[in-house]
file query20.csv (CSV, C-alpha atoms and all ligand atoms)
chain,number,residue,atom,x,y,z
C,1,MET,CA,-79.3,22.3,-3.8
C,2,ALA,CA,-80.1,25.2,-6.2
C,3,MET,CA,-83.8,26.0,-6.5
C,4,SER,CA,-85.2,24.1,-9.4
C,5,LEU,CA,-88.4,23.1,-10.9
C,6,TYR,CA,-87.7,19.4,-11.6
C,7,PHE,CA,-89.7,18.0,-14.5
C,8,ASP,CA,-87.5,15.2,-15.6
C,9,ASN,CA,-88.9,12.4,-13.4
C,10,ALA,CA,-89.0,9.9,-16.3
C,11,ALA,CA,-85.2,10.1,-16.3
C,12,THR,CA,-84.9,9.6,-12.6
C,13,THR,CA,-86.7,10.7,-9.4
C,14,PRO,CA,-85.1,12.0,-6.2
C,15,LEU,CA,-84.6,9.5,-3.4
C,16,SER,CA,-87.2,9.9,-0.8
C,17,GLU,CA,-86.2,10.6,2.8
C,18,ARG,CA,-87.9,7.4,4.0
C,19,ALA,CA,-86.1,5.4,1.4
C,20,LEU,CA,-82.8,6.9,2.5
C,21,LYS,CA,-83.5,6.1,6.1
C,22,ALA,CA,-84.5,2.6,5.2
C,23,TYR,CA,-81.2,2.3,3.3
C,24,THR,CA,-79.0,3.5,6.3
C,25,ASP,CA,-81.0,1.5,8.8
C,26,THR,CA,-80.5,-1.8,6.9
C,27,ALA,CA,-76.9,-0.9,6.0
C,28,LEU,CA,-76.1,-0.3,9.7
C,29,ASN,CA,-78.2,-3.1,11.3
C,30,PHE,CA,-77.8,-5.9,8.8
C,31,PRO,CA,-74.2,-6.0,7.9
C,32,GLY,CA,-74.0,-9.8,7.0
C,33,ASN,CA,-74.1,-11.3,3.6
C,34,PRO,CA,-77.5,-13.1,3.1
C,35,SER,CA,-75.6,-16.1,1.8
C,36,SER,CA,-73.5,-16.5,5.0
C,37,SER,CA,-74.5,-19.2,7.4
C,38,HIS,CA,-73.5,-17.3,10.6
C,39,ARG,CA,-75.9,-15.3,12.7
C,40,LEU,CA,-75.4,-12.0,10.8
C,41,GLY,CA,-75.9,-13.8,7.5
C,42,ILE,CA,-79.1,-15.5,8.8
C,43,GLU,CA,-80.4,-12.1,10.0
C,44,ALA,CA,-79.6,-10.5,6.6
C,45,ARG,CA,-81.4,-13.4,4.8
C,46,ARG,CA,-84.5,-13.0,7.0
C,47,LYS,CA,-84.5,-9.3,6.3
C,48,LEU,CA,-84.1,-9.9,2.5
C,49,ASP,CA,-87.0,-12.4,2.7
C,50,ASP,CA,-89.1,-9.9,4.5
C,51,GLU,CA,-88.5,-7.2,2.0
C,52,ARG,CA,-89.1,-9.5,-0.9
C,53,SER,CA,-92.5,-10.6,0.6
C,54,ALA,CA,-93.5,-7.0,1.2
C,55,ILE,CA,-92.6,-5.9,-2.3
C,56,ALA,CA,-94.2,-8.9,-3.9
C,57,ARG,CA,-97.4,-8.3,-2.0
C,58,MET,CA,-97.5,-4.7,-3.2
C,59,MET,CA,-97.0,-5.8,-6.8
C,60,GLU,CA,-99.6,-8.6,-6.4
C,61,ILE,CA,-97.3,-11.4,-7.3
C,62,GLU,CA,-95.7,-14.3,-5.4
C,63,LYS,CA,-92.4,-13.7,-3.7
C,64,ASN,CA,-90.7,-16.5,-5.6
C,65,GLN,CA,-91.6,-14.6,-8.9
C,66,LEU,CA,-89.6,-11.6,-7.9
C,67,PHE,CA,-85.8,-11.2,-8.4
C,68,PHE,CA,-83.6,-8.2,-7.5
C,69,THR,CA,-81.1,-6.9,-10.0
C,70,SER,CA,-79.0,-3.8,-10.4
C,71,GLY,CA,-81.7,-2.1,-12.6
C,72,ALA,CA,-84.1,-2.6,-15.4
C,73,THR,CA,-81.2,-2.8,-17.9
C,74,GLU,CA,-79.9,-5.9,-16.2
C,75,SER,CA,-83.3,-7.4,-15.8
C,76,ILE,CA,-83.9,-7.0,-19.5
C,77,ALA,CA,-80.4,-8.4,-20.3
C,78,ALA,CA,-81.0,-11.4,-18.1
C,79,VAL,CA,-84.2,-12.3,-20.0
C,80,ILE,CA,-83.1,-11.6,-23.5
C,81,SER,CA,-79.6,-13.0,-23.2
C,82,SER,CA,-81.1,-16.3,-21.9
C,83,LEU,CA,-82.3,-16.8,-25.5
C,84,LEU,CA,-78.6,-17.4,-26.5
C,85,PHE,CA,-78.8,-20.7,-24.7
C,86,THR,CA,-81.6,-21.9,-27.0
C,87,THR,CA,-81.7,-22.8,-30.7
C,88,PRO,CA,-82.2,-19.6,-32.7
C,89,GLY,CA,-85.7,-18.6,-33.5
C,90,LYS,CA,-87.5,-15.3,-33.9
C,91,ILE,CA,-87.9,-12.4,-31.6
C,92,ILE,CA,-90.5,-9.6,-32.1
C,93,ILE,CA,-90.1,-6.2,-30.4
C,94,SER,CA,-91.6,-2.8,-31.0
C,95,ALA,CA,-90.0,0.2,-32.8
C,96,ILE,CA,-90.3,2.3,-29.6
C,97,GLU,CA,-88.4,0.0,-27.2
C,98,HIS,CA,-85.8,1.5,-24.9
C,99,GLU,CA,-82.2,0.8,-26.0
C,100,ALA,CA,-82.0,-1.6,-23.1
C,101,VAL,CA,-84.2,-3.9,-25.2
C,102,ALA,CA,-83.5,-2.7,-28.8
C,103,SER,CA,-79.7,-3.0,-28.5
C,104,TRP,CA,-80.1,-6.8,-28.2
C,105,LEU,CA,-81.4,-7.2,-31.8
C,106,PRO,CA,-78.0,-7.0,-33.6
C,107,ILE,CA,-76.5,-9.5,-31.0
C,108,LEU,CA,-79.3,-11.9,-31.5
C,109,LYS,CA,-79.0,-11.5,-35.3
C,110,GLU,CA,-75.3,-12.3,-35.0
C,111,HIS,CA,-76.3,-15.6,-33.4
C,112,GLY,CA,-78.7,-16.6,-36.1
C,113,TRP,CA,-81.9,-15.1,-34.8
C,114,THR,CA,-84.6,-13.6,-37.0
C,115,THR,CA,-85.9,-10.3,-35.7
C,116,ALA,CA,-89.0,-8.3,-36.4
C,117,THR,CA,-89.7,-4.7,-35.2
C,118,LEU,CA,-93.3,-3.7,-35.0
C,119,LYS,CA,-94.3,-0.2,-36.1
C,120,ALA,CA,-96.0,2.0,-33.5
C,121,LYS,CA,-98.0,4.5,-35.6
C,122,GLY,CA,-99.3,7.3,-33.3
C,123,GLY,CA,-97.2,5.8,-30.5
C,124,THR,CA,-99.0,2.5,-30.0
C,125,VAL,CA,-98.3,-1.0,-31.2
C,126,SER,CA,-101.2,-2.7,-32.9
C,127,PRO,CA,-102.3,-6.2,-31.9
C,128,HIS,CA,-103.0,-6.9,-35.6
C,129,ASP,CA,-99.4,-6.1,-36.6
C,130,LEU,CA,-98.2,-8.5,-33.9
C,131,GLU,CA,-100.5,-11.2,-35.1
C,132,ALA,CA,-99.2,-10.8,-38.6
C,133,GLU,CA,-95.6,-11.3,-37.4
C,134,LEU,CA,-96.1,-14.4,-35.3
C,135,THR,CA,-94.5,-17.5,-36.9
C,136,PRO,CA,-94.0,-21.0,-35.7
C,137,ASP,CA,-90.3,-20.2,-34.7
C,138,THR,CA,-91.2,-17.1,-32.6
C,139,LYS,CA,-89.8,-17.5,-29.1
C,140,MET,CA,-90.1,-14.1,-27.6
C,141,VAL,CA,-92.2,-11.0,-27.9
C,142,ALA,CA,-90.9,-7.9,-26.0
C,143,ILE,CA,-93.1,-4.9,-25.9
C,144,MET,CA,-92.9,-2.2,-23.3
C,145,SER,CA,-95.8,-1.3,-21.1
C,146,VAL,CA,-95.4,2.5,-21.2
C,147,ASN,CA,-93.1,4.4,-23.6
C,148,ASN,CA,-90.5,6.6,-21.9
C,149,VAL,CA,-90.5,9.3,-24.5
C,150,THR,CA,-94.2,10.0,-25.0
C,151,GLY,CA,-95.8,8.1,-22.1
C,152,ALA,CA,-97.9,6.1,-24.7
C,153,ILE,CA,-99.6,3.1,-22.9
C,154,GLN,CA,-99.3,0.0,-25.0
C,155,PRO,CA,-102.2,-2.4,-25.2
C,156,VAL,CA,-100.3,-5.1,-23.4
C,157,GLU,CA,-103.4,-7.1,-22.3
C,158,GLU,CA,-104.5,-7.4,-25.9
C,159,LEU,CA,-101.0,-8.1,-27.2
C,160,VAL,CA,-100.6,-11.0,-24.7
C,161,LYS,CA,-104.0,-12.3,-25.8
C,162,VAL,CA,-102.9,-12.4,-29.4
C,163,VAL,CA,-99.8,-14.4,-28.4
C,164,ARG,CA,-101.8,-16.8,-26.2
C,165,ALA,CA,-104.2,-17.5,-29.0
C,166,TYR,CA,-101.3,-18.3,-31.4
C,167,GLU,CA,-99.7,-20.5,-28.8
C,168,LYS,CA,-103.0,-22.5,-28.5
C,169,ASP,CA,-103.4,-22.9,-32.2
C,170,HIS,CA,-99.7,-23.9,-32.8
C,171,LYS,CA,-99.0,-25.8,-29.6
C,172,ARG,CA,-95.9,-23.8,-28.7
C,173,LYS,CA,-94.8,-21.5,-26.0
C,174,ILE,CA,-93.9,-17.8,-26.6
C,175,PHE,CA,-92.4,-15.7,-23.8
C,176,PHE,CA,-94.1,-12.4,-23.5
C,177,PHE,CA,-91.8,-9.8,-22.0
C,178,SER,CA,-92.7,-6.3,-21.1
C,179,ASP,CA,-90.3,-3.6,-20.0
C,180,SER,CA,-92.5,-2.0,-17.4
C,181,VAL,CA,-90.1,0.7,-15.9
C,182,GLN,CA,-92.4,3.6,-16.7
C,183,ALA,CA,-95.5,1.7,-15.7
C,184,LEU,CA,-94.8,0.8,-12.1
C,185,GLY,CA,-97.3,2.7,-10.0
C,186,LYS,CA,-98.1,5.0,-12.9
C,187,SER,CA,-100.5,3.0,-15.1
C,188,GLY,CA,-102.9,0.2,-14.5
C,189,LEU,CA,-100.4,-2.6,-15.2
C,190,LYS,CA,-101.6,-6.1,-14.1
C,191,LEU,CA,-98.8,-8.6,-14.3
C,192,ARG,CA,-100.9,-11.7,-13.4
C,193,ALA,CA,-104.3,-10.8,-14.8
C,194,TRP,CA,-102.8,-10.1,-18.2
C,195,ASP,CA,-100.6,-13.2,-18.0
C,196,ILE,CA,-97.3,-11.5,-18.7
C,197,ASP,CA,-94.3,-13.9,-18.6
C,198,GLY,CA,-91.6,-11.5,-17.6
C,199,ALA,CA,-91.2,-7.8,-16.8
C,200,SER,CA,-88.5,-5.3,-15.8
C,201,PHE,CA,-88.7,-2.5,-13.2
C,202,SER,CA,-86.3,0.1,-11.9
C,203,GLY,CA,-86.1,1.6,-8.3
C,204,HIS,CA,-85.1,5.1,-9.3
C,205,LYS,CA,-88.2,5.9,-11.2
C,206,VAL,CA,-90.3,5.7,-8.0
C,207,ASN,CA,-88.2,7.6,-5.4
C,208,GLY,CA,-86.0,4.6,-4.8
C,209,PRO,CA,-82.2,4.4,-5.2
C,210,ARG,CA,-80.4,4.0,-8.5
C,211,GLY,CA,-78.7,0.6,-9.0
C,212,ILE,CA,-81.6,-1.5,-7.8
C,213,GLY,CA,-84.1,-3.1,-10.2
C,214,MET,CA,-86.5,-6.0,-10.3
C,215,LEU,CA,-87.3,-8.8,-12.6
C,216,TYR,CA,-90.7,-10.5,-12.6
C,217,LEU,CA,-90.9,-14.1,-13.9
C,218,LYS,CA,-94.2,-15.9,-14.1
C,219,ASN,CA,-92.5,-19.3,-14.2
C,220,PRO,CA,-89.1,-18.9,-12.7
C,221,ALA,CA,-88.5,-22.7,-12.8
C,222,SER,CA,-88.4,-22.7,-16.6
C,223,PHE,CA,-86.0,-19.7,-16.8
C,224,ARG,CA,-82.2,-20.4,-17.3
C,225,PRO,CA,-80.2,-17.2,-17.1
C,226,LEU,CA,-76.8,-16.7,-18.8
C,227,ALA,CA,-75.2,-15.6,-15.4
C,228,SER,CA,-76.3,-17.4,-12.3
C,229,ALA,CA,-72.8,-17.2,-10.8
C,230,GLY,CA,-72.9,-17.6,-7.0
C,231,GLY,CA,-76.5,-18.9,-7.1
C,232,GLN,CA,-78.1,-15.9,-5.4
C,233,GLU,CA,-81.7,-15.0,-6.2
C,234,GLU,CA,-82.5,-18.7,-6.6
C,235,GLY,CA,-79.8,-18.9,-9.3
C,236,LYS,CA,-81.6,-16.4,-11.5
C,237,ARG,CA,-79.2,-13.5,-10.8
C,238,GLY,CA,-75.7,-14.1,-9.2
C,239,GLY,CA,-74.0,-11.5,-7.1
C,240,THR,CA,-74.4,-10.4,-3.4
C,241,GLU,CA,-77.8,-8.8,-3.0
C,242,ASN,CA,-77.8,-5.1,-2.4
C,243,LEU,CA,-79.9,-5.4,0.8
C,244,PRO,CA,-79.8,-1.7,1.9
C,245,ALA,CA,-81.1,-0.7,-1.6
C,246,ILE,CA,-83.8,-3.4,-1.5
C,247,SER,CA,-85.0,-2.0,1.9
C,248,ALA,CA,-85.0,1.5,0.4
C,249,LEU,CA,-86.9,0.3,-2.6
C,250,ARG,CA,-89.5,-1.2,-0.3
C,251,ALA,CA,-89.9,2.0,1.6
C,252,ALA,CA,-90.2,4.0,-1.6
C,253,LEU,CA,-92.8,1.7,-3.1
C,254,GLU,CA,-94.9,1.7,0.1
C,255,ASP,CA,-95.2,5.5,-0.3
C,256,TRP,CA,-95.5,5.5,-4.1
C,257,LEU,CA,-98.2,2.8,-4.2
C,258,SER,CA,-100.3,4.0,-1.3
C,259,ASP,CA,-103.4,5.6,-2.6
C,260,SER,CA,-101.8,5.6,-6.0
C,261,GLU,CA,-105.1,5.9,-8.0
C,262,SER,CA,-105.9,9.2,-6.5
C,263,LYS,CA,-102.3,10.4,-6.8
C,264,ASN,CA,-102.3,9.4,-10.5
C,265,LYS,CA,-105.6,11.3,-11.0
C,266,ARG,CA,-104.1,14.4,-9.5
C,267,ILE,CA,-101.0,14.2,-11.7
C,268,GLN,CA,-103.3,13.6,-14.7
C,269,GLU,CA,-105.1,16.9,-13.8
C,270,ILE,CA,-101.7,18.7,-13.7
C,271,LYS,CA,-100.7,17.1,-17.1
C,272,ASP,CA,-104.1,18.2,-18.6
C,273,LYS,CA,-103.6,21.8,-17.4
C,274,ILE,CA,-100.1,22.0,-18.9
C,275,SER,CA,-101.3,20.4,-22.1
C,276,GLU,CA,-104.1,23.0,-22.3
C,277,CYS,CA,-101.7,25.8,-21.9
C,278,LEU,CA,-99.4,24.4,-24.6
C,279,THR,CA,-102.3,23.8,-27.0
C,280,ALA,CA,-103.6,27.4,-26.4
C,281,ALA,CA,-100.1,28.6,-27.3
C,282,GLY,CA,-100.2,26.7,-30.6
C,283,ARG,CA,-98.0,23.9,-29.6
C,284,GLU,CA,-98.7,20.3,-30.7
C,285,ILE,CA,-98.9,17.6,-28.0
C,286,LEU,CA,-97.1,14.4,-29.0
C,287,SER,CA,-98.2,12.2,-26.2
C,288,PRO,CA,-101.2,10.1,-27.4
C,289,ALA,CA,-104.6,10.3,-25.7
C,290,VAL,CA,-104.0,7.0,-24.0
C,291,SER,CA,-100.8,7.8,-22.2
C,292,SER,CA,-99.3,7.9,-18.7
C,293,PRO,CA,-100.3,10.8,-16.5
C,294,TYR,CA,-96.6,11.2,-15.8
C,295,ILE,CA,-95.2,12.0,-19.2
C,296,LEU,CA,-96.0,14.9,-21.5
C,297,SER,CA,-94.2,15.3,-24.8
C,298,PHE,CA,-94.8,18.4,-27.1
C,299,VAL,CA,-93.3,20.2,-30.0
C,300,SER,CA,-91.5,23.3,-28.8
C,301,PRO,CA,-90.9,26.3,-31.1
C,302,PHE,CA,-87.1,25.6,-31.1
C,303,PRO,CA,-84.9,22.5,-31.5
C,304,SER,CA,-85.1,20.4,-28.3
C,305,GLU,CA,-81.7,21.2,-27.0
C,306,VAL,CA,-82.3,25.0,-27.4
C,307,PHE,CA,-85.7,24.9,-25.6
C,308,THR,CA,-84.5,22.7,-22.8
C,309,ARG,CA,-81.6,25.1,-22.3
C,310,MET,CA,-84.0,28.1,-22.2
C,311,LEU,CA,-86.1,26.2,-19.6
C,312,SER,CA,-82.9,25.4,-17.7
C,313,ASP,CA,-82.0,29.1,-17.6
C,314,LYS,CA,-85.3,29.7,-15.9
C,315,GLY,CA,-84.7,26.9,-13.4
C,316,VAL,CA,-86.8,24.2,-15.1
C,317,GLU,CA,-85.3,20.7,-15.6
C,318,ALA,CA,-86.9,19.0,-18.6
C,319,SER,CA,-85.6,16.7,-21.3
C,320,ALA,CA,-85.3,16.3,-25.0
C,321,GLY,CA,-87.0,13.0,-25.6
C,322,SER,CA,-85.3,10.7,-23.1
C,323,ALA,CA,-82.3,11.1,-20.7
C,324,CYS,CA,-80.5,8.3,-22.5
C,325,SER,CA,-80.6,10.4,-25.7
C,326,ASN,CA,-77.7,12.3,-24.1
C,327,ASN,CA,-75.6,9.1,-24.4
C,328,ALA,CA,-77.0,7.6,-27.5
C,329,LYS,CA,-77.5,10.7,-29.4
C,330,GLY,CA,-81.0,11.1,-31.0
C,331,GLU,CA,-82.5,8.1,-29.3
C,332,GLY,CA,-85.6,10.1,-28.2
C,333,GLU,CA,-85.9,11.5,-31.7
C,334,LYS,CA,-85.6,8.1,-33.2
C,335,ILE,CA,-88.5,6.8,-31.1
C,336,LEU,CA,-90.6,9.8,-32.3
C,337,LEU,CA,-89.7,9.2,-36.0
C,338,ASN,CA,-90.6,5.5,-35.5
C,339,MET,CA,-94.0,6.7,-34.3
C,340,GLY,CA,-94.5,8.5,-37.6
C,341,ILE,CA,-93.8,12.0,-36.3
C,342,ARG,CA,-92.3,14.2,-39.0
C,343,PRO,CA,-88.5,14.9,-38.6
C,344,GLU,CA,-88.9,18.7,-38.1
C,345,LYS,CA,-91.3,18.1,-35.2
C,346,ALA,CA,-89.3,15.3,-33.7
C,347,ARG,CA,-86.3,17.6,-33.6
C,348,ASN,CA,-88.2,20.1,-31.5
C,349,ALA,CA,-89.8,17.6,-29.1
C,350,VAL,CA,-89.5,18.3,-25.4
C,351,ARG,CA,-90.5,15.9,-22.6
C,352,ILE,CA,-91.9,17.1,-19.3
C,353,SER,CA,-92.3,14.3,-16.7
C,354,PHE,CA,-93.9,14.3,-13.3
C,355,SER,CA,-93.5,12.6,-9.9
C,356,ASN,CA,-96.5,11.8,-7.7
C,357,SER,CA,-95.2,14.5,-5.4
C,358,THR,CA,-95.2,17.2,-8.1
C,359,THR,CA,-97.2,20.1,-6.7
C,360,GLU,CA,-99.9,22.3,-8.3
C,361,GLU,CA,-97.7,25.3,-7.4
C,362,GLU,CA,-94.8,23.8,-9.4
C,363,ALA,CA,-97.1,23.2,-12.3
C,364,GLU,CA,-98.3,26.8,-12.1
C,365,SER,CA,-94.7,28.1,-12.2
C,366,LEU,CA,-94.0,25.9,-15.2
C,367,ILE,CA,-97.0,27.1,-17.0
C,368,ARG,CA,-96.0,30.7,-16.4
C,369,ILE,CA,-92.4,30.0,-17.7
C,370,LEU,CA,-93.7,28.0,-20.8
C,371,ARG,CA,-96.1,30.9,-21.7
C,372,GLU,CA,-93.3,33.4,-21.4
C,373,LEU,CA,-90.8,31.4,-23.5
C,374,ILE,CA,-93.3,30.4,-26.2
C,375,ASN,CA,-94.8,33.8,-26.6
C,376,ALA,CA,-91.4,35.5,-26.7
C,377,LYS,CA,-90.7,33.5,-29.9
Z,1,LIG,N1,-86.5,0.9,-19.9
Z,1,LIG,C1,-87.2,2.1,-19.8
Z,1,LIG,C2,-88.5,2.3,-20.5
Z,1,LIG,C3,-86.6,3.2,-19.1
Z,1,LIG,O1,-87.2,4.4,-19.1
Z,1,LIG,C4,-85.4,3.0,-18.5
Z,1,LIG,C5,-84.7,4.1,-17.8
Z,1,LIG,O2,-84.5,5.2,-18.3
Z,1,LIG,C6,-84.7,1.7,-18.5
Z,1,LIG,C7,-85.4,0.7,-19.2
Z,1,LIG,C8,-83.4,1.5,-17.9
Z,1,LIG,O3,-83.6,1.4,-16.5
Z,1,LIG,P1,-82.3,1.3,-15.5
Z,1,LIG,O4,-81.8,2.7,-15.4
Z,1,LIG,O5,-82.9,0.8,-14.2
Z,1,LIG,O6,-81.4,0.4,-16.0

call {"tool": "encode", "arguments": {"input": "query20.csv", "output": "structure tokens"}}
result
Amino acid sequence: MAMSLYFDNAATTPLSERALKAYTDTALNFPGNPSSSHRLGIEARRKLDDERSAIARMMEIEKNQLFFTSGATESIAAVISSLLFTTPGKIIISAIEHEAVASWLPILKEHGWTTATLKAKGGTVSPHDLEAELTPDTKMVAIMSVNNVTGAIQPVEELVKVVRAYEKDHKRKIFFFSDSVQALGKSGLKLRAWDIDGASFSGHKVNGPRGIGMLYLKNPASFRPLASAGGQEEGKRGGTENLPAISALRAALEDWLSDSESKNKRIQEIKDKISECLTAAGREILSPAVSSPYILSFVSPFPSEVFTRMLSDKGVEASAGSACSNNAKGEGEKILLNMGIRPEKARNAVRISFSNSTTEEEAESLIRILRELINAK
């Protein structure tokens, strides 16, 4: 691989060597289908159970609350599409959701649902705004834990409280879903203590493989998915389980989550140092004060695609907004506009994102290159 300074970890992280080894070990030693009743099937089922228990323990949830999917996009689709089974009501999301969530609104509207999109001025959704949108026909609230463009940490604990208070007063149930892809091991997310009903996660943001994701369901019994197909994953997600990828995810998470508080603190220091360098060079930081240590968004002196190209010429991989903006053009920019950032600033926004193995030396090299490029303007 060519020498590069990789600062696009919010898009994807490299697979760790331990995760790769776990993948090949399981692929070679557990060839059976966990649904088969012969010996190899039973061994694969035991292995799957073992991995699920270990991951659930790390996430401080019960193993029967954890379901494996092909990625966060599928976890989100499972939850939101399940609404199509029910009589139409209202869904409330935030204006800064990933397309994996936001793209469901037109489909739900087509099926008679009412939708509301909460503003996120400064990058954060306000619990008061959520309170004002709750109506007796509200069935779901979907607000992410950490935004993928700016790293803004959403006040999920307070948002759930608002929903629970409304439920109590109106004697109805509202499903609180949180896309938590950028939060896993990176912010202080507490699924159980905050009483979240459902959450999505992705393996490839924590040194695990692509194509493996997780869905947390507080009360799986009450959840009816659109596609249970072959009945795998307790009927919540049909399809043969990707056991090698699940083993790899376990290995990746064991490493990512071990001593994660001190790792997060170290990354925050790296982020602070780079922020200081940018501020000293007259660049505005777009990530709010309460944001993930792993994401730093700032206004570059040039349009995003020009500055990321200049960085790339120096061996630095960074991103304009979000990786997905390369497919759905302007997505990152749209999120920034929805936060109230002026268009001329949103156009120049660049995202630098870290892994918990990003080194101080890599950060120093980045600072040197940023100074050089910004001062040469
Ligand atoms: N949600 C957020 C906030 C993300 O950052 C991403 C990945 O970019 C996704 C959802 C989609 O995740 P996956 O690639 O696992 O489908």

call {"tool": "closest_residue", "arguments": {"input": "query20.csv", "among": "C:Glu364, C:Glu97, C:Glu344, C:Asp49", "to": "Val149 of chain C", "atoms": "all atoms listed in the file"}}
result
C:Glu97

call {"tool": "closest_residue", "arguments": {"input": "query20.csv", "among": "C:Lys190, C:Arg45, C:Arg210, C:Arg309", "to": "ligand LIG 1 (chain Z)", "atoms": "only C-alpha atoms and all ligand atoms"}}
result
C:Arg210

call {"tool": "closest_atom_pairs", "arguments": {"input": "query20.csv", "of": "chain C", "to": "ligand LIG 1 (chain Z)", "cutoff": "9 Å", "atoms": "only C-alpha atoms and all ligand atoms", "output": "tab-separated table"}}
result
residue	atom	partner	partner_atom	distance
C:Ala10	CA	Z:LIG1	O1	6.4
C:Ala11	CA	Z:LIG1	O2	5.3
C:Thr12	CA	Z:LIG1	O2	7.2
C:Thr69	CA	Z:LIG1	O5	9.0
C:Ser70	CA	Z:LIG1	O5	7.1
C:Gly71	CA	Z:LIG1	O5	3.5
C:Ala72	CA	Z:LIG1	O5	3.8
C:Thr73	CA	Z:LIG1	O6	3.7
C:Glu74	CA	Z:LIG1	O6	6.5
C:Ser75	CA	Z:LIG1	O6	8.0
C:Ile76	CA	Z:LIG1	C7	7.9
C:Glu97	CA	Z:LIG1	C2	7.1
C:His98	CA	Z:LIG1	N1	5.1
C:Glu99	CA	Z:LIG1	N1	7.5
C:Ala100	CA	Z:LIG1	C7	5.7
C:Val101	CA	Z:LIG1	N1	7.5
C:Met144	CA	Z:LIG1	C2	6.9
C:Ser145	CA	Z:LIG1	C2	8.2
C:Val146	CA	Z:LIG1	C2	6.9
C:Asn147	CA	Z:LIG1	C2	5.9
C:Asn148	CA	Z:LIG1	O1	4.9
C:Val149	CA	Z:LIG1	O1	8.0
C:Asp179	CA	Z:LIG1	N1	5.9
C:Ser180	CA	Z:LIG1	C2	6.6
C:Val181	CA	Z:LIG1	C1	5.1
C:Gln182	CA	Z:LIG1	C2	5.6
C:Ala183	CA	Z:LIG1	C2	8.5
C:Ser200	CA	Z:LIG1	C7	7.6
C:Phe201	CA	Z:LIG1	O5	6.7
C:Ser202	CA	Z:LIG1	O5	4.2
C:Gly203	CA	Z:LIG1	O5	6.8
C:His204	CA	Z:LIG1	O5	6.9
C:Lys205	CA	Z:LIG1	C5	7.7
C:Arg210	CA	Z:LIG1	O5	7.0
C:Gly211	CA	Z:LIG1	O5	6.7
C:Ile212	CA	Z:LIG1	O5	6.9
C:Gly213	CA	Z:LIG1	O5	5.7
C:Met214	CA	Z:LIG1	O5	8.6
C:Ser322	CA	Z:LIG1	O2	7.3
C:Ala323	CA	Z:LIG1	O2	6.7
C:Cys324	CA	Z:LIG1	O2	6.6

call {"tool": "write_last_selection", "arguments": {"input": "query20.csv", "atoms": "C-alpha atoms", "output": "PDB file, keeping the file's coordinate frame"}}
result
ATOM      1  CA  ALA C  10     -89.000   9.900 -16.300  1.00  0.00           C
ATOM      2  CA  ALA C  11     -85.200  10.100 -16.300  1.00  0.00           C
ATOM      3  CA  THR C  12     -84.900   9.600 -12.600  1.00  0.00           C
ATOM      4  CA  THR C  69     -81.100  -6.900 -10.000  1.00  0.00           C
ATOM      5  CA  SER C  70     -79.000  -3.800 -10.400  1.00  0.00           C
ATOM      6  CA  GLY C  71     -81.700  -2.100 -12.600  1.00  0.00           C
ATOM      7  CA  ALA C  72     -84.100  -2.600 -15.400  1.00  0.00           C
ATOM      8  CA  THR C  73     -81.200  -2.800 -17.900  1.00  0.00           C
ATOM      9  CA  GLU C  74     -79.900  -5.900 -16.200  1.00  0.00           C
ATOM     10  CA  SER C  75     -83.300  -7.400 -15.800  1.00  0.00           C
ATOM     11  CA  ILE C  76     -83.900  -7.000 -19.500  1.00  0.00           C
ATOM     12  CA  GLU C  97     -88.400   0.000 -27.200  1.00  0.00           C
ATOM     13  CA  HIS C  98     -85.800   1.500 -24.900  1.00  0.00           C
ATOM     14  CA  GLU C  99     -82.200   0.800 -26.000  1.00  0.00           C
ATOM     15  CA  ALA C 100     -82.000  -1.600 -23.100  1.00  0.00           C
ATOM     16  CA  VAL C 101     -84.200  -3.900 -25.200  1.00  0.00           C
ATOM     17  CA  MET C 144     -92.900  -2.200 -23.300  1.00  0.00           C
ATOM     18  CA  SER C 145     -95.800  -1.300 -21.100  1.00  0.00           C
ATOM     19  CA  VAL C 146     -95.400   2.500 -21.200  1.00  0.00           C
ATOM     20  CA  ASN C 147     -93.100   4.400 -23.600  1.00  0.00           C
ATOM     21  CA  ASN C 148     -90.500   6.600 -21.900  1.00  0.00           C
ATOM     22  CA  VAL C 149     -90.500   9.300 -24.500  1.00  0.00           C
ATOM     23  CA  ASP C 179     -90.300  -3.600 -20.000  1.00  0.00           C
ATOM     24  CA  SER C 180     -92.500  -2.000 -17.400  1.00  0.00           C
ATOM     25  CA  VAL C 181     -90.100   0.700 -15.900  1.00  0.00           C
ATOM     26  CA  GLN C 182     -92.400   3.600 -16.700  1.00  0.00           C
ATOM     27  CA  ALA C 183     -95.500   1.700 -15.700  1.00  0.00           C
ATOM     28  CA  SER C 200     -88.500  -5.300 -15.800  1.00  0.00           C
ATOM     29  CA  PHE C 201     -88.700  -2.500 -13.200  1.00  0.00           C
ATOM     30  CA  SER C 202     -86.300   0.100 -11.900  1.00  0.00           C
ATOM     31  CA  GLY C 203     -86.100   1.600  -8.300  1.00  0.00           C
ATOM     32  CA  HIS C 204     -85.100   5.100  -9.300  1.00  0.00           C
ATOM     33  CA  LYS C 205     -88.200   5.900 -11.200  1.00  0.00           C
ATOM     34  CA  ARG C 210     -80.400   4.000  -8.500  1.00  0.00           C
ATOM     35  CA  GLY C 211     -78.700   0.600  -9.000  1.00  0.00           C
ATOM     36  CA  ILE C 212     -81.600  -1.500  -7.800  1.00  0.00           C
ATOM     37  CA  GLY C 213     -84.100  -3.100 -10.200  1.00  0.00           C
ATOM     38  CA  MET C 214     -86.500  -6.000 -10.300  1.00  0.00           C
ATOM     39  CA  SER C 322     -85.300  10.700 -23.100  1.00  0.00           C
ATOM     40  CA  ALA C 323     -82.300  11.100 -20.700  1.00  0.00           C
ATOM     41  CA  CYS C 324     -80.500   8.300 -22.500  1.00  0.00           C
TER      42      CYS C 324
END
